Structures are given as C-alpha cells and as structure tokens.
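Below: entry_2.txt (compact mmCIF, N, CA and C atoms and all ligand atoms)
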```
# COMPACT_ATOMS: atom_id res chain seq x y z
N MET M 13 49.06 -29.95 92.17
CA MET M 13 48.27 -30.05 90.92
C MET M 13 47.27 -28.92 90.82
N GLY M 14 46.69 -28.55 91.99
CA GLY M 14 45.69 -27.48 92.02
C GLY M 14 46.28 -26.19 91.47
N ASN M 15 47.55 -26.02 91.73
CA ASN M 15 48.22 -24.81 91.26
C ASN M 15 48.21 -24.74 89.73
N ASP M 16 48.43 -25.86 89.07
CA ASP M 16 48.43 -25.90 87.61
C ASP M 16 47.07 -25.52 87.03
N LYS M 17 46.02 -26.01 87.70
CA LYS M 17 44.66 -25.71 87.24
C LYS M 17 44.42 -24.21 87.24
N THR M 18 44.85 -23.55 88.32
CA THR M 18 44.68 -22.10 88.43
C THR M 18 45.41 -21.41 87.28
N LYS M 19 46.61 -21.90 87.00
CA LYS M 19 47.40 -21.30 85.90
C LYS M 19 46.65 -21.39 84.58
N ILE M 20 46.04 -22.58 84.36
CA ILE M 20 45.33 -22.77 83.09
C ILE M 20 44.13 -21.84 83.01
N ILE M 21 43.41 -21.69 84.13
CA ILE M 21 42.24 -20.81 84.13
C ILE M 21 42.67 -19.37 83.84
N VAL M 22 43.75 -18.94 84.48
CA VAL M 22 44.25 -17.57 84.26
C VAL M 22 44.64 -17.41 82.79
N LEU M 23 45.28 -18.44 82.24
CA LEU M 23 45.70 -18.39 80.84
C LEU M 23 44.48 -18.24 79.92
N ILE M 24 43.44 -19.04 80.20
CA ILE M 24 42.23 -18.97 79.38
C ILE M 24 41.61 -17.58 79.47
N LEU M 25 41.58 -17.05 80.70
CA LEU M 25 41.02 -15.71 80.89
C LEU M 25 41.78 -14.68 80.06
N ILE M 26 43.10 -14.79 80.07
CA ILE M 26 43.92 -13.84 79.31
C ILE M 26 43.59 -13.95 77.82
N VAL M 27 43.47 -15.20 77.34
CA VAL M 27 43.17 -15.40 75.92
C VAL M 27 41.81 -14.80 75.58
N VAL M 28 40.82 -15.03 76.46
CA VAL M 28 39.47 -14.52 76.21
C VAL M 28 39.49 -12.99 76.15
N VAL M 29 40.18 -12.39 77.12
CA VAL M 29 40.24 -10.92 77.16
C VAL M 29 40.93 -10.39 75.91
N ALA M 30 42.03 -11.07 75.52
CA ALA M 30 42.76 -10.64 74.34
C ALA M 30 41.87 -10.72 73.10
N PHE M 31 41.09 -11.80 72.99
CA PHE M 31 40.17 -11.96 71.86
C PHE M 31 39.13 -10.85 71.85
N ALA M 32 38.62 -10.54 73.04
CA ALA M 32 37.60 -9.49 73.14
C ALA M 32 38.16 -8.18 72.60
N PHE M 33 39.42 -7.90 72.90
CA PHE M 33 40.04 -6.66 72.42
C PHE M 33 40.19 -6.68 70.91
N VAL M 34 40.61 -7.83 70.39
CA VAL M 34 40.81 -7.95 68.94
C VAL M 34 39.49 -7.73 68.21
N ILE M 35 38.43 -8.37 68.73
CA ILE M 35 37.11 -8.25 68.09
C ILE M 35 36.62 -6.81 68.18
N LYS M 36 36.84 -6.19 69.34
CA LYS M 36 36.42 -4.80 69.53
C LYS M 36 37.12 -3.89 68.52
N GLY M 37 38.43 -4.16 68.34
CA GLY M 37 39.20 -3.33 67.43
C GLY M 37 38.81 -3.56 65.98
N ALA M 38 38.38 -4.78 65.65
CA ALA M 38 38.04 -5.09 64.27
C ALA M 38 36.70 -4.48 63.89
N CYS M 39 35.82 -4.34 64.85
CA CYS M 39 34.50 -3.78 64.57
C CYS M 39 34.64 -2.28 64.36
N LYS M 40 34.06 -1.82 63.27
CA LYS M 40 34.13 -0.39 63.00
C LYS M 40 33.11 0.34 63.85
N LYS M 41 33.47 1.50 64.27
CA LYS M 41 32.52 2.31 65.01
C LYS M 41 31.35 2.67 64.11
N PRO M 42 30.14 2.66 64.63
CA PRO M 42 28.99 2.98 63.78
C PRO M 42 29.05 4.39 63.21
N GLY M 43 29.79 5.28 63.87
CA GLY M 43 29.84 6.67 63.40
C GLY M 43 30.80 6.85 62.23
N ALA M 44 31.70 5.88 62.03
CA ALA M 44 32.69 6.03 60.97
C ALA M 44 32.06 5.75 59.61
N ARG M 45 32.02 6.74 58.76
CA ARG M 45 31.44 6.57 57.45
C ARG M 45 32.45 6.92 56.39
N THR M 46 32.28 6.31 55.25
CA THR M 46 33.18 6.57 54.14
C THR M 46 32.43 7.38 53.10
N ARG M 47 33.08 8.39 52.59
CA ARG M 47 32.45 9.24 51.57
C ARG M 47 33.43 9.52 50.46
N ASP M 48 32.90 9.62 49.26
CA ASP M 48 33.74 10.05 48.15
C ASP M 48 33.97 11.55 48.27
N ARG M 49 35.24 11.91 48.23
CA ARG M 49 35.55 13.34 48.33
C ARG M 49 36.47 13.72 47.19
N ALA M 50 36.24 14.90 46.68
CA ALA M 50 37.11 15.42 45.63
C ALA M 50 38.35 16.00 46.29
N LEU M 51 39.51 15.54 45.82
CA LEU M 51 40.77 15.97 46.42
C LEU M 51 41.66 16.61 45.38
N LEU M 52 42.55 17.43 45.89
CA LEU M 52 43.52 18.11 45.02
C LEU M 52 44.89 17.96 45.63
N CYS M 53 45.84 17.51 44.80
CA CYS M 53 47.22 17.36 45.28
C CYS M 53 47.93 18.69 45.10
N THR M 54 48.51 19.19 46.18
CA THR M 54 49.20 20.48 46.11
C THR M 54 50.61 20.32 45.57
N SER M 55 51.04 19.06 45.40
CA SER M 55 52.40 18.84 44.91
C SER M 55 52.42 18.75 43.39
N CYS M 56 51.46 17.98 42.81
CA CYS M 56 51.48 17.79 41.36
C CYS M 56 50.19 18.29 40.71
N ASN M 57 49.30 18.91 41.50
CA ASN M 57 48.04 19.48 40.98
C ASN M 57 47.07 18.43 40.48
N HIS M 58 47.26 17.17 40.84
CA HIS M 58 46.39 16.09 40.40
C HIS M 58 45.05 16.19 41.13
N GLN M 59 43.97 16.10 40.35
CA GLN M 59 42.63 16.09 40.95
C GLN M 59 42.07 14.69 40.89
N PHE M 60 41.49 14.23 41.99
CA PHE M 60 40.95 12.87 42.00
C PHE M 60 39.88 12.76 43.07
N VAL M 61 39.13 11.67 42.99
CA VAL M 61 38.08 11.40 43.98
C VAL M 61 38.49 10.16 44.75
N GLN M 62 38.42 10.25 46.05
CA GLN M 62 38.85 9.13 46.89
C GLN M 62 37.88 8.95 48.04
N LYS M 63 37.74 7.69 48.47
CA LYS M 63 36.88 7.42 49.63
C LYS M 63 37.61 7.86 50.90
N ILE M 64 37.00 8.74 51.64
CA ILE M 64 37.60 9.26 52.87
C ILE M 64 36.71 8.86 54.04
N LYS M 65 37.34 8.25 55.03
CA LYS M 65 36.60 7.89 56.24
C LYS M 65 36.40 9.13 57.08
N SER M 66 35.27 9.20 57.73
CA SER M 66 35.05 10.33 58.63
C SER M 66 36.08 10.27 59.75
N GLY M 67 36.66 11.41 60.04
CA GLY M 67 37.69 11.45 61.07
C GLY M 67 39.09 11.39 60.51
N GLN M 68 39.22 11.04 59.22
CA GLN M 68 40.55 10.99 58.60
C GLN M 68 41.06 12.41 58.40
N GLU M 69 42.32 12.62 58.67
CA GLU M 69 42.86 13.97 58.63
C GLU M 69 43.65 14.20 57.35
N GLU M 70 43.61 15.43 56.87
CA GLU M 70 44.47 15.82 55.76
C GLU M 70 45.92 15.90 56.26
N PRO M 71 46.89 15.82 55.42
CA PRO M 71 46.77 15.57 53.98
C PRO M 71 46.64 14.09 53.65
N PHE M 72 46.10 13.80 52.47
CA PHE M 72 45.95 12.43 52.02
C PHE M 72 47.02 12.11 50.98
N LYS M 73 47.18 10.82 50.72
CA LYS M 73 48.22 10.40 49.77
C LYS M 73 47.70 10.58 48.35
N CYS M 74 48.52 11.16 47.55
CA CYS M 74 48.17 11.37 46.15
C CYS M 74 48.52 10.11 45.35
N PRO M 75 47.59 9.57 44.57
CA PRO M 75 47.89 8.35 43.80
C PRO M 75 48.80 8.63 42.61
N ASN M 76 48.96 9.87 42.27
CA ASN M 76 49.77 10.22 41.10
C ASN M 76 51.25 10.36 41.46
N CYS M 77 51.54 11.21 42.45
CA CYS M 77 52.95 11.44 42.80
C CYS M 77 53.34 10.73 44.09
N LYS M 78 52.36 10.06 44.74
CA LYS M 78 52.59 9.26 45.95
C LYS M 78 52.99 10.10 47.15
N LYS M 79 52.85 11.41 47.03
CA LYS M 79 53.19 12.25 48.17
C LYS M 79 51.96 12.47 49.02
N LYS M 80 52.18 12.71 50.28
CA LYS M 80 51.05 12.99 51.18
C LYS M 80 50.78 14.48 51.11
N ALA M 81 50.19 14.90 50.01
CA ALA M 81 50.01 16.33 49.80
C ALA M 81 48.64 16.65 49.22
N ALA M 82 47.67 15.75 49.40
CA ALA M 82 46.35 15.98 48.82
C ALA M 82 45.40 16.51 49.89
N TYR M 83 44.65 17.53 49.49
CA TYR M 83 43.71 18.18 50.40
C TYR M 83 42.33 18.21 49.74
N TYR M 84 41.32 18.45 50.54
CA TYR M 84 39.98 18.59 49.99
C TYR M 84 39.97 19.70 48.94
N ALA M 85 39.36 19.36 47.81
CA ALA M 85 39.35 20.33 46.72
C ALA M 85 38.11 21.21 46.82
N TRP M 86 38.31 22.49 46.66
CA TRP M 86 37.22 23.45 46.57
C TRP M 86 37.21 24.03 45.18
N GLN M 87 36.06 24.50 44.81
CA GLN M 87 35.93 25.05 43.47
C GLN M 87 35.20 26.38 43.52
N CYS M 88 35.62 27.27 42.66
CA CYS M 88 34.93 28.55 42.51
C CYS M 88 33.81 28.36 41.51
N ARG M 89 32.61 28.79 41.90
CA ARG M 89 31.47 28.59 41.00
C ARG M 89 31.39 29.68 39.94
N ASP M 90 32.24 30.66 40.05
CA ASP M 90 32.24 31.73 39.05
C ASP M 90 33.24 31.45 37.94
N CYS M 91 34.49 31.12 38.31
CA CYS M 91 35.52 30.92 37.29
C CYS M 91 35.98 29.47 37.20
N GLU M 92 35.39 28.59 38.04
CA GLU M 92 35.67 27.15 38.03
C GLU M 92 37.09 26.80 38.41
N ALA M 93 37.80 27.71 39.04
CA ALA M 93 39.14 27.40 39.52
C ALA M 93 39.03 26.39 40.66
N VAL M 94 39.96 25.43 40.69
CA VAL M 94 39.99 24.43 41.75
C VAL M 94 41.19 24.72 42.63
N PHE M 95 40.97 24.72 43.91
CA PHE M 95 42.05 25.02 44.83
C PHE M 95 41.87 24.24 46.11
N LYS M 96 42.92 24.21 46.93
CA LYS M 96 42.90 23.51 48.21
C LYS M 96 41.90 24.19 49.14
N ARG M 97 41.20 23.39 49.91
CA ARG M 97 40.22 23.95 50.85
C ARG M 97 40.88 25.00 51.73
N PRO M 98 40.25 26.16 51.84
CA PRO M 98 40.88 27.21 52.66
C PRO M 98 40.96 26.79 54.11
N GLU M 99 41.98 27.29 54.77
CA GLU M 99 42.12 27.03 56.20
C GLU M 99 40.98 27.72 56.93
N ARG M 100 40.54 27.09 57.98
CA ARG M 100 39.54 27.76 58.80
C ARG M 100 39.91 27.56 60.26
N PRO M 101 39.46 28.44 61.10
CA PRO M 101 39.82 28.31 62.51
C PRO M 101 39.33 26.99 63.07
N LYS M 102 40.11 26.40 63.95
CA LYS M 102 39.74 25.12 64.55
C LYS M 102 38.41 25.25 65.28
N PRO M 103 37.49 24.32 65.02
CA PRO M 103 36.22 24.41 65.74
C PRO M 103 36.42 24.11 67.21
N GLU M 104 35.55 24.65 68.02
CA GLU M 104 35.64 24.41 69.45
C GLU M 104 35.44 22.93 69.74
N MET M 105 36.04 22.46 70.81
CA MET M 105 35.90 21.06 71.19
C MET M 105 34.43 20.69 71.33
N ASP M 106 34.07 19.54 70.77
CA ASP M 106 32.72 18.99 70.88
C ASP M 106 31.65 19.85 70.22
N ALA M 107 32.06 20.86 69.51
CA ALA M 107 31.05 21.68 68.84
C ALA M 107 30.59 20.96 67.57
N PRO M 108 29.34 21.07 67.21
CA PRO M 108 28.90 20.45 65.96
C PRO M 108 29.55 21.13 64.78
N PRO M 109 29.78 20.39 63.69
CA PRO M 109 30.44 21.00 62.52
C PRO M 109 29.66 22.23 62.06
N ALA M 110 30.34 23.31 62.03
CA ALA M 110 29.67 24.57 61.68
C ALA M 110 29.51 24.69 60.18
N MET M 111 28.57 25.49 59.77
CA MET M 111 28.40 25.80 58.35
C MET M 111 29.64 26.55 57.88
N GLU M 112 29.99 26.32 56.63
CA GLU M 112 31.15 27.04 56.10
C GLU M 112 30.83 28.53 56.08
N PRO M 113 31.59 29.32 56.75
CA PRO M 113 31.30 30.75 56.70
C PRO M 113 31.61 31.31 55.32
N PRO M 114 30.83 32.26 54.83
CA PRO M 114 31.02 32.76 53.47
C PRO M 114 32.14 33.77 53.38
N THR M 115 33.26 33.44 54.00
CA THR M 115 34.36 34.40 54.04
C THR M 115 35.54 33.93 53.21
N HIS M 116 35.39 32.79 52.53
CA HIS M 116 36.50 32.29 51.74
C HIS M 116 36.43 32.88 50.34
N GLN M 117 37.59 33.21 49.84
CA GLN M 117 37.70 33.88 48.57
C GLN M 117 38.36 32.99 47.55
N CYS M 118 37.93 33.10 46.32
CA CYS M 118 38.58 32.38 45.23
C CYS M 118 39.95 33.00 44.99
N PRO M 119 41.02 32.18 44.97
CA PRO M 119 42.36 32.75 44.74
C PRO M 119 42.54 33.27 43.33
N GLU M 120 41.64 32.87 42.42
CA GLU M 120 41.78 33.29 41.01
C GLU M 120 41.05 34.60 40.75
N CYS M 121 39.74 34.63 41.07
CA CYS M 121 38.95 35.80 40.70
C CYS M 121 38.52 36.64 41.90
N GLY M 122 38.75 36.13 43.11
CA GLY M 122 38.46 36.92 44.30
C GLY M 122 37.01 36.90 44.72
N ASN M 123 36.16 36.14 44.04
CA ASN M 123 34.76 36.07 44.44
C ASN M 123 34.59 35.14 45.64
N TYR M 124 33.47 35.31 46.30
CA TYR M 124 33.19 34.49 47.48
C TYR M 124 32.30 33.29 47.16
N ASN M 125 32.07 33.07 45.90
CA ASN M 125 31.15 32.00 45.48
C ASN M 125 31.92 30.68 45.38
N VAL M 126 32.49 30.24 46.50
CA VAL M 126 33.31 29.03 46.50
C VAL M 126 32.72 28.00 47.46
N GLY M 127 33.08 26.76 47.21
CA GLY M 127 32.59 25.70 48.09
C GLY M 127 33.26 24.38 47.76
N PRO M 128 32.98 23.33 48.57
CA PRO M 128 33.60 22.03 48.29
C PRO M 128 33.27 21.55 46.89
N MET M 129 34.26 21.00 46.24
CA MET M 129 34.07 20.50 44.89
C MET M 129 33.23 19.22 44.94
N PRO M 130 32.16 19.14 44.13
CA PRO M 130 31.36 17.90 44.16
C PRO M 130 32.17 16.73 43.66
N SER M 131 31.99 15.58 44.29
CA SER M 131 32.76 14.40 43.89
C SER M 131 32.05 13.62 42.80
N GLY M 132 30.81 14.00 42.49
CA GLY M 132 30.08 13.31 41.45
C GLY M 132 29.18 12.22 41.98
N THR M 133 29.26 11.94 43.30
CA THR M 133 28.43 10.87 43.86
C THR M 133 27.53 11.39 44.97
N GLU M 134 27.48 12.71 45.12
CA GLU M 134 26.74 13.29 46.24
C GLU M 134 25.24 13.03 46.14
N SER M 135 24.73 12.95 44.91
CA SER M 135 23.29 12.87 44.74
C SER M 135 22.72 11.54 45.24
N LYS M 136 23.58 10.54 45.42
CA LYS M 136 23.08 9.22 45.79
C LYS M 136 22.80 9.06 47.27
N GLU M 137 23.05 10.11 48.05
CA GLU M 137 22.88 9.97 49.50
C GLU M 137 21.45 10.13 49.92
ZN ZN M 201 50.35 14.46 43.59
ZN ZN M 202 36.95 32.30 40.90
```
Using structure tokens, write down the structure from this file.
Ligand SMILES: [Zn+2]
Ligand SMILES: [Zn+2]
Amino acid sequence: MGNDKTKIIVLILIVVVAFAFVIKGACKKPGARTRDRALLCTSCNHQFVQKIKSGQEEPFKCPNCKKKAAYYAWQCRDCEAVFKRPERPKPEMDAPPAMEPPTHQCPECGNYNVGPMPSGTESKE
C-alpha cells in the first residue's frame, strides 16, 4: 500500500510542476510591450497600422492580401514617399538599440530626410 502512496505523491508533484510551467508561460514578460506601428505591405502596397509586440520579427501578415509581406513603413519627409524600412546591419549581440544612422536614402527623391512613419498614436506615450 505504501507504494501506492508514493505514486500518488509523485503524480501530484508532476501536476504541480506542470501547472507552474503553464502559469509561467501564460504570464507575459514585463519587457514585452505592444506598440502601434505603421506598416507597409510589399506585396499589395497596403498601408496600415498594427499593434506589434516588442521582439516580433518582420515580415508581418498583411490584412489586405493575407500575405506575410508587411514591413515597418518609413516615410520621406521631403516628398512623402512611403517605403519599406531600409535594411540595416544586424546590431551586435546585447547591444542597446542604436540610433538610426542618417545614411538611409529616399528611393523616390534620394534625400536623407527619412524616418519611421508615425502611426498616429505616438504622442500618447
Ligand atoms: Zn498586402
Ligand atoms: Zn523623398
């Protein structure tokens, strides 16, 4: 009979540990934040604003054509052209996010006056 008791205790322990994992997984990390970001679909040129969790990787799903072809939208402040965020070299491991270097060019007019497209909700932060 003693053997059965041990089995039950082990079973309870397994259930408790499993629950702990489920709860841990359900809790969001405090660092994960959601932000409205202006996105541009490279497949159908659809522009939209979507909540993006920090750490989420491009490309995102386009709600218009349903393709995973949406990237952060950048805009030229001179000619107002909207284009996909320019590629930039991968940041070094564990390095803090660097300032956007002023080396990106507008594909339309060639000016360097470009930056992330405002999503319209930035002022509320
Ligand atoms: Zn699309
Ligand atoms: Zn331009």
Throw together the list of residues within 6 Å of ligand ZN 202 (chain M), counting all atoms listed in the file, and drop it here as a compact mmCIF listing (two decimals) with N, CA and C atoms, in the coordinates of the input.
```txt
# COMPACT_ATOMS: atom_id res chain seq x y z
N CYS M 88 35.62 27.27 42.66
CA CYS M 88 34.93 28.55 42.51
C CYS M 88 33.81 28.36 41.51
N ARG M 89 32.61 28.79 41.90
CA ARG M 89 31.47 28.59 41.00
C ARG M 89 31.39 29.68 39.94
N ASP M 90 32.24 30.66 40.05
CA ASP M 90 32.24 31.73 39.05
C ASP M 90 33.24 31.45 37.94
N CYS M 91 34.49 31.12 38.31
CA CYS M 91 35.52 30.92 37.29
C CYS M 91 35.98 29.47 37.20
N GLU M 92 35.39 28.59 38.04
CA GLU M 92 35.67 27.15 38.03
C GLU M 92 37.09 26.80 38.41
N ALA M 93 37.80 27.71 39.04
CA ALA M 93 39.14 27.40 39.52
C ALA M 93 39.03 26.39 40.66
N CYS M 118 37.93 33.10 46.32
CA CYS M 118 38.58 32.38 45.23
C CYS M 118 39.95 33.00 44.99
N PRO M 119 41.02 32.18 44.97
CA PRO M 119 42.36 32.75 44.74
C PRO M 119 42.54 33.27 43.33
N GLU M 120 41.64 32.87 42.42
CA GLU M 120 41.78 33.29 41.01
C GLU M 120 41.05 34.60 40.75
N CYS M 121 39.74 34.63 41.07
CA CYS M 121 38.95 35.80 40.70
C CYS M 121 38.52 36.64 41.90
N GLY M 122 38.75 36.13 43.11
CA GLY M 122 38.46 36.92 44.30
C GLY M 122 37.01 36.90 44.72
N ASN M 123 36.16 36.14 44.04
CA ASN M 123 34.76 36.07 44.44
C ASN M 123 34.59 35.14 45.64
```
> Taking only C-alpha atoms and all ligand atoms into account, which residues are within 10 Å of ligand ZN 201 (chain M), as a ChimeraX atom specification?
Replying inline: /M:52-60,72-82
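From CA of Gln87 in chain M back to CA of Asn125 in chain M, the distance works out to 8.7 Å.
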>> One decimal, in Å: what's the spacing between atom C of Ile64 in chain M and CA of Ala50 in chain M?
In response: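 Atom-to-atom, atom C of Ile64 in chain M to CA of Ala50 in chain M, that is 10.7 Å.
Taking CA of Gly127 in chain M as the reference point, CA of Thr115 in chain M is found at 10.7 Å.
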